[in-house]
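> A single structure is presented below for examination.
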There are 2 protein chains.
Amino acid sequence: MTTPPGPGPETPDRDPARRATIADVARAAGVSPSTASVVFSGKAPVAEATRQRVMAAAAELGYTGPDPRAASLRRGRSGIVAVVLEEHLRTAFLDPVKTAMMDGLTDGVATLGAGVLLLRDDADAGSDAPTLATAPVDAVVLIGCSGRMRTALDIVRSRGLPVVVIEGDAGDEVPRIELDNREAAGQLARHLQGLGHERVATVTLPFDVERRRGDVDEDRIAQGTVEVTRERLDGVREVFPDVRVVASSGSFIDEGVLAGRLLFAGGGTRPTAVIAQSDLLAAGVIRAAEEHGLRVPEDVSVTGFDGIRVDGLGSHVLTTAVQPAVEKGRAAGDAVARMLAGERAASIRFTCVFREGTTSGPAPTKTADDAPVDRRGVGDP
Amino acid sequence: MTTPPGPGPETPDRDPARRATIADVARAAGVSPSTASVVFSGKAPVAEATRQRVMAAAAELGYTGPDPRAASLRRGRSGIVAVVLEEHLRTAFLDPVKTAMMDGLTDGVATLGAGVLLLRDDADAGSDAPTLATAPVDAVVLIGCSGRMRTALDIVRSRGLPVVVIEGDAGDEVPRIELDNREAAGQLARHLQGLGHERVATVTLPFDVERRRGDVDEDRIAQGTVEVTRERLDGVREVFPDVRVVASSGSFIDEGVLAGRLLFAGGGTRPTAVIAQSDLLAAGVIRAAEEHGLRVPEDVSVTGFDGIRVDGLGSHVLTTAVQPAVEKGRAAGDAVARMLAGERAASIRFTCVFREGTTSGPAPTKTADDAPVDRRGVGDP
DNA sequence: TTGTAAGCGTTATCAC
DNA sequence: GTGATAACGCTTACAA
């Protein structure tokens, strides 16, 4: 009685305003829902004739495949991996290293059949944007290591989601993808030492969420929460214990310029070599040096870190530690995949490759107590 | 009978290996599931005492809130908006305009309580990554206008998802966010015309998915599928109908360099002004000009498009059309929000602002039939 | 190869 | 303010 004897299956017993469901399709095709489901998932063999009938019915009803929401509830998987960045997207993607990493990551999770949901670690109570606490994700990748990462980590753990950390320490339970920051930085420092440099300064990434610029004292170093910064600094200090430490507020060319001005314009003794903790910072330092009439590498050597292509470096080739950024991302994706498969993912430590460029050279022979003359007098009143 | 008289609620009638559900919490708290649900959603008033009991039970059971998958099935919303990019992520995020747009977009969708899922328009059958066809998203934002966008559009429409297009034409049904490309380009051209330029070339974005570099003939222009490219070109041709057209394969400084070399090294007559369709291209053109010993703007004027900050431009300030990239993204987010709310979102057309910089100047006075001498002889054998 | 049936964990609705 | 009930749309043992 509920099904009026209409002129065929094209008059099914359902509200036409409603979207068709797989049950509708099955009914129209005269098969069971499970068969229809299998036709779409391909998880079991189906007779070709049956398949055709189901597809035809689907086309007829405008059914375009299983509702992902229902499927993910049933399967217990959403096919989405959250990536938690510690900053504004614009900022995150300004950093070529992060971009490369993201690329590897999307690759990595794609093999697992997942997509990447961008999340910020400060998207909290205020807005009702999907947070780590509410997003339908299967796993989480944490990038960076700000203080807020602890919060993120707590949420993730209480949700019981697999998690991988890139460049950060989340305890032994959590697999991490890291770099031999200390060793690579040490190598750069030794390179400069071999060239005879003694008055060396280093321009670092931020030490903490405050991201304050300028000279840094021991206290702040000790209290720093950003692992990478400290590791790279430690590597340098092994070689140059008394290195002057200037912090930037982020990995940008402009920040490098600011730090460089501080180093070169200041009245004190100028360094003959600057070890920047990123290529972008290094590019800025070089620019600042040139602003002050200093030649690179004749008057001052500058090294970077990352091994990315930096625009605006002119003909310089940066002496730097090349890190496998894309691979790092891919490794994170793989680790997530493994955890989702129930395996235990191990932490991975990647190795940087030292690359000698044209921005480092022999230390200038000392003429006086001071550094080379500022040929353009920019720093003078 | 099913609940053994254990020593209290901490011995609930459930498999302890399973994650607690809201039903478990409700049972432990001695309330109904609906009440427990309301405690978490806050969608209805609950007595404080009840609330406390539920929260306590949740804490006890390690329940951290509703399962997003189940909630999204029930609600019919996943809180996720897909963003379809026409390229590799790394490539997409290399483009400052896109990054800025993405930023605005995440802002825009956040007001709606949604996150952004990154999708590529070629992530198809091959892998089983979540595609437009299978991702649990509430709405879709299409960026760009490659040929593959049509496919994406078909999928989206058959799924009945709200969709917004940024910089592309998807028919009148689909709200779009666009720019006054033609007018803005025309303005730049008139600016150069006013400065006396006659031999003008333009370096364009790609015309089609092939992205072939080099001089372009009428046929290819006519067959071009990329709206932006054509619109900006049209604007220029209104003023300079015979402009030489050189296509790049993307908005990159390097591409600008290649195009610039073609223009400046070639034996033919050199342009006195180059209208690049993006700031990055313009930066490359400038670099190429300087390679060839040409001064900007004395020997050749160069204009860009976008108004982003370009690193590596030295002291130049680009003459360009400044587009409101972040606003575009936010507008897309807003449009999606409106559509999700059942309203009909209108298309929006943003306006660029002409900015005169230091890279454009009066046309050099003609000395011979040829362009200024290549002072460094780079182009000579 | 196909069908039956039992959920997946929530939340909207409505009655109390 | 709280509770019973019925979906939401699908998948997958298991049985036939």
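Simple scheme: letters A, B, ... for chains in structure tokens order, numbers from 1 for residues in each chain, numbers from 1 for ligands in the order shown.
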Please list as JSON, numbers by chain every residue within 12 Å of segment 208-218 of chain A, counting only C-alpha atoms (C1' of nucleotides) and excluding residues in the same chain fewer than 2 positions away.

{"A": [86, 87, 122, 144, 145, 146, 147, 148, 149, 201, 202, 203, 204, 205, 206, 220, 221, 222, 223, 224, 225, 226, 227, 228, 229, 230, 233, 241, 242, 243, 244, 245, 246, 247, 248, 249, 250, 251, 255, 256, 257, 258, 259, 260, 261, 262, 263, 266]}

> Could you work out which residues of chain A fall inside 12 Å of chain D? Count only C-alpha atoms (C1' of nucleotides), and format the result as a list in words.

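Using only C-alpha atoms (C1' of nucleotides), chain A residues at most 12 Å from chain D: Arg19, Ala20, Thr21, Ile22, Ala23, Asp24, Pro33, Ser34, Thr35, Ala36, Ser37, Val38, Phe40, Ser41, Lys43, Ala44, Gly65, Pro66, Asp67, Pro68, Arg69, Ala70, Ala71, Ser72, Leu73, Arg74, Arg75 and Gly76 of chain A.
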
> List every residue of segment 130-178 of chain A that DSSP, applied to the backbone of this structure, assigns to alpha helix (DSSP H), and report them as an MDAnalysis selection string.

chainID A and resid 148:159

> Taking only C-alpha atoms (C1' of nucleotides) into account, report as a PDB file with all heavy atoms, in the first residue's frame which residues of chain C lie within 7 Å of chain B.


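The file below, selection04.pdb, is the result:
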```pdb
ATOM      1  P    DG C   9      30.663   3.652  18.676  1.00  0.00           P
ATOM      2  OP1  DG C   9      32.084   3.754  18.972  1.00  0.00           O
ATOM      3  OP2  DG C   9      29.807   2.684  19.387  1.00  0.00           O
ATOM      4  O5'  DG C   9      30.011   5.097  18.892  1.00  0.00           O
ATOM      5  C5'  DG C   9      30.661   6.211  18.291  1.00  0.00           C
ATOM      6  C4'  DG C   9      29.729   7.382  18.370  1.00  0.00           C
ATOM      7  O4'  DG C   9      28.546   7.085  17.620  1.00  0.00           O
ATOM      8  C3'  DG C   9      29.274   7.728  19.789  1.00  0.00           C
ATOM      9  O3'  DG C   9      29.603   9.073  20.010  1.00  0.00           O
ATOM     10  C2'  DG C   9      27.769   7.460  19.761  1.00  0.00           C
ATOM     11  C1'  DG C   9      27.437   7.611  18.294  1.00  0.00           C
ATOM     12  N9   DG C   9      26.304   6.846  17.829  1.00  0.00           N
ATOM     13  C8   DG C   9      25.900   5.607  18.258  1.00  0.00           C
ATOM     14  N7   DG C   9      24.838   5.169  17.633  1.00  0.00           N
ATOM     15  C5   DG C   9      24.522   6.176  16.739  1.00  0.00           C
ATOM     16  C6   DG C   9      23.463   6.263  15.801  1.00  0.00           C
ATOM     17  O6   DG C   9      22.579   5.441  15.558  1.00  0.00           O
ATOM     18  N1   DG C   9      23.502   7.463  15.086  1.00  0.00           N
ATOM     19  C2   DG C   9      24.448   8.443  15.270  1.00  0.00           C
ATOM     20  N2   DG C   9      24.333   9.514  14.500  1.00  0.00           N
ATOM     21  N3   DG C   9      25.441   8.374  16.144  1.00  0.00           N
ATOM     22  C4   DG C   9      25.413   7.224  16.840  1.00  0.00           C
ATOM     23  P    DT C  10      29.240   9.914  21.238  1.00  0.00           P
ATOM     24  OP1  DT C  10      30.416  10.529  21.757  1.00  0.00           O
ATOM     25  OP2  DT C  10      28.374   9.100  22.153  1.00  0.00           O
ATOM     26  O5'  DT C  10      28.405  11.103  20.617  1.00  0.00           O
ATOM     27  C5'  DT C  10      27.259  10.848  20.011  1.00  0.00           C
ATOM     28  C4'  DT C  10      26.949  11.813  18.910  1.00  0.00           C
ATOM     29  O4'  DT C  10      26.184  11.015  18.019  1.00  0.00           O
ATOM     30  C3'  DT C  10      26.075  12.921  19.436  1.00  0.00           C
ATOM     31  O3'  DT C  10      26.460  14.186  18.921  1.00  0.00           O
ATOM     32  C2'  DT C  10      24.679  12.525  18.993  1.00  0.00           C
ATOM     33  C1'  DT C  10      24.858  11.436  17.962  1.00  0.00           C
ATOM     34  N1   DT C  10      24.017  10.244  18.270  1.00  0.00           N
ATOM     35  C2   DT C  10      22.844  10.067  17.572  1.00  0.00           C
ATOM     36  O2   DT C  10      22.474  10.820  16.689  1.00  0.00           O
ATOM     37  N3   DT C  10      22.114   8.980  17.946  1.00  0.00           N
ATOM     38  C4   DT C  10      22.424   8.068  18.930  1.00  0.00           C
ATOM     39  O4   DT C  10      21.671   7.123  19.172  1.00  0.00           O
ATOM     40  C5   DT C  10      23.654   8.314  19.633  1.00  0.00           C
ATOM     41  C7   DT C  10      24.087   7.381  20.706  1.00  0.00           C
ATOM     42  C6   DT C  10      24.399   9.383  19.273  1.00  0.00           C
ATOM     43  P    DT C  11      25.882  15.429  19.673  1.00  0.00           P
ATOM     44  OP1  DT C  11      26.718  16.552  19.251  1.00  0.00           O
ATOM     45  OP2  DT C  11      25.685  15.103  21.089  1.00  0.00           O
ATOM     46  O5'  DT C  11      24.420  15.587  19.039  1.00  0.00           O
ATOM     47  C5'  DT C  11      24.314  15.870  17.659  1.00  0.00           C
ATOM     48  C4'  DT C  11      22.860  15.882  17.286  1.00  0.00           C
ATOM     49  O4'  DT C  11      22.262  14.575  17.529  1.00  0.00           O
ATOM     50  C3'  DT C  11      22.007  16.875  18.082  1.00  0.00           C
ATOM     51  O3'  DT C  11      21.048  17.357  17.160  1.00  0.00           O
ATOM     52  C2'  DT C  11      21.354  15.996  19.132  1.00  0.00           C
ATOM     53  C1'  DT C  11      21.100  14.742  18.303  1.00  0.00           C
ATOM     54  N1   DT C  11      20.912  13.479  19.071  1.00  0.00           N
ATOM     55  C2   DT C  11      19.901  12.640  18.672  1.00  0.00           C
ATOM     56  O2   DT C  11      19.152  12.875  17.754  1.00  0.00           O
ATOM     57  N3   DT C  11      19.812  11.482  19.419  1.00  0.00           N
ATOM     58  C4   DT C  11      20.605  11.101  20.483  1.00  0.00           C
ATOM     59  O4   DT C  11      20.416  10.037  21.069  1.00  0.00           O
ATOM     60  C5   DT C  11      21.641  12.035  20.839  1.00  0.00           C
ATOM     61  C7   DT C  11      22.564  11.727  21.970  1.00  0.00           C
ATOM     62  C6   DT C  11      21.745  13.170  20.127  1.00  0.00           C
TER      63       DT C  11
END
```

> Among segment 41-143 of chain A, which residues carry a DSSP assignment of strand (DSSP E), reported as an MDAnalysis selection string?

chainID A and resid 80:85 115:120 139:143

> Save out the residues we just selected, N, CA and C atoms, as a PDB file, in the first residue's frame.


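The file below, again_7.pdb, is the result:
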```pdb
ATOM      1  N   ILE A  80      40.842  12.101   7.256  1.00  0.00           N
ATOM      2  CA  ILE A  80      41.403  13.449   7.372  1.00  0.00           C
ATOM      3  C   ILE A  80      42.447  13.491   8.475  1.00  0.00           C
ATOM      4  N   VAL A  81      43.545  14.098   8.155  1.00  0.00           N
ATOM      5  CA  VAL A  81      44.604  14.265   9.136  1.00  0.00           C
ATOM      6  C   VAL A  81      44.744  15.754   9.418  1.00  0.00           C
ATOM      7  N   ALA A  82      44.748  16.092  10.669  1.00  0.00           N
ATOM      8  CA  ALA A  82      44.886  17.500  11.029  1.00  0.00           C
ATOM      9  C   ALA A  82      46.358  17.881  11.100  1.00  0.00           C
ATOM     10  N   VAL A  83      46.654  19.043  10.596  1.00  0.00           N
ATOM     11  CA  VAL A  83      47.995  19.582  10.753  1.00  0.00           C
ATOM     12  C   VAL A  83      47.879  20.834  11.596  1.00  0.00           C
ATOM     13  N   VAL A  84      48.529  20.823  12.704  1.00  0.00           N
ATOM     14  CA  VAL A  84      48.419  21.967  13.597  1.00  0.00           C
ATOM     15  C   VAL A  84      49.633  22.853  13.438  1.00  0.00           C
ATOM     16  N   LEU A  85      49.382  24.055  12.995  1.00  0.00           N
ATOM     17  CA  LEU A  85      50.463  25.021  12.813  1.00  0.00           C
ATOM     18  C   LEU A  85      50.451  25.981  13.985  1.00  0.00           C
ATOM     19  N   GLY A 115      43.345  13.347   3.598  1.00  0.00           N
ATOM     20  CA  GLY A 115      43.601  14.724   3.230  1.00  0.00           C
ATOM     21  C   GLY A 115      44.086  15.482   4.444  1.00  0.00           C
ATOM     22  N   VAL A 116      44.438  16.709   4.223  1.00  0.00           N
ATOM     23  CA  VAL A 116      45.030  17.496   5.290  1.00  0.00           C
ATOM     24  C   VAL A 116      44.122  18.652   5.683  1.00  0.00           C
ATOM     25  N   LEU A 117      43.765  18.691   6.934  1.00  0.00           N
ATOM     26  CA  LEU A 117      42.961  19.784   7.461  1.00  0.00           C
ATOM     27  C   LEU A 117      43.863  20.741   8.214  1.00  0.00           C
ATOM     28  N   LEU A 118      43.840  21.985   7.784  1.00  0.00           N
ATOM     29  CA  LEU A 118      44.695  22.992   8.415  1.00  0.00           C
ATOM     30  C   LEU A 118      44.077  23.514   9.695  1.00  0.00           C
ATOM     31  N   LEU A 119      44.826  23.448  10.742  1.00  0.00           N
ATOM     32  CA  LEU A 119      44.328  23.944  12.019  1.00  0.00           C
ATOM     33  C   LEU A 119      45.380  24.829  12.665  1.00  0.00           C
ATOM     34  N   ARG A 120      44.913  25.824  13.389  1.00  0.00           N
ATOM     35  CA  ARG A 120      45.865  26.638  14.126  1.00  0.00           C
ATOM     36  C   ARG A 120      45.809  26.275  15.588  1.00  0.00           C
ATOM     37  N   ALA A 139      43.941  11.466  12.705  1.00  0.00           N
ATOM     38  CA  ALA A 139      45.264  11.574  13.290  1.00  0.00           C
ATOM     39  C   ALA A 139      45.699  13.028  13.248  1.00  0.00           C
ATOM     40  N   VAL A 140      46.760  13.312  13.945  1.00  0.00           N
ATOM     41  CA  VAL A 140      47.202  14.696  14.057  1.00  0.00           C
ATOM     42  C   VAL A 140      48.709  14.807  13.867  1.00  0.00           C
ATOM     43  N   VAL A 141      49.099  15.822  13.139  1.00  0.00           N
ATOM     44  CA  VAL A 141      50.521  16.125  13.010  1.00  0.00           C
ATOM     45  C   VAL A 141      50.754  17.496  13.635  1.00  0.00           C
ATOM     46  N   LEU A 142      51.624  17.525  14.586  1.00  0.00           N
ATOM     47  CA  LEU A 142      51.943  18.787  15.265  1.00  0.00           C
ATOM     48  C   LEU A 142      53.246  19.326  14.707  1.00  0.00           C
ATOM     49  N   ILE A 143      53.228  20.575  14.286  1.00  0.00           N
ATOM     50  CA  ILE A 143      54.454  21.160  13.763  1.00  0.00           C
ATOM     51  C   ILE A 143      54.944  22.243  14.703  1.00  0.00           C
TER      52      ILE A 143
END
```

> Which one of B:Asp95, B:Glu48, B:Asp103, B:Asp306 sits closest to chain A if you count only C-alpha atoms?

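For chain A, the nearest of the candidates is B:Asp103.
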
> Measure the distance from atom CA of Pro364 of chain B to atom CA of Val317 of chain B in Å and round it to one decimal.

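Taking atom CA of Pro364 of chain B and atom CA of Val317 of chain B, their separation equals 19.6 Å.
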
> May I have the residues within 7 Å of Leu318 of chain B as a count of residues only, using only C-alpha atoms (C1' of nucleotides) and disregarding those fewer than 4 positions away in the same chain?

5

> What is the atom CA of Glu298 of chain A to atom CA of Arg287 of chain B distance in Å?

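Here the two named atoms are 24.4 Å from each other.
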
> At a cut-off of 7 Å, using only C-alpha atoms (C1' of nucleotides), what residues contact Phe350 of chain B? Leave out same-chain residues fewer than 4 positions from it and give the result as a PyMOL selection string.

chain B and resi 178-180

> Of the residues B:Val174, B:Val285, B:Val336, B:Val137, which is the one nearest to chain A, using only C-alpha atoms?

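Answer, going by the shortest atom-to-atom distance: B:Val137.
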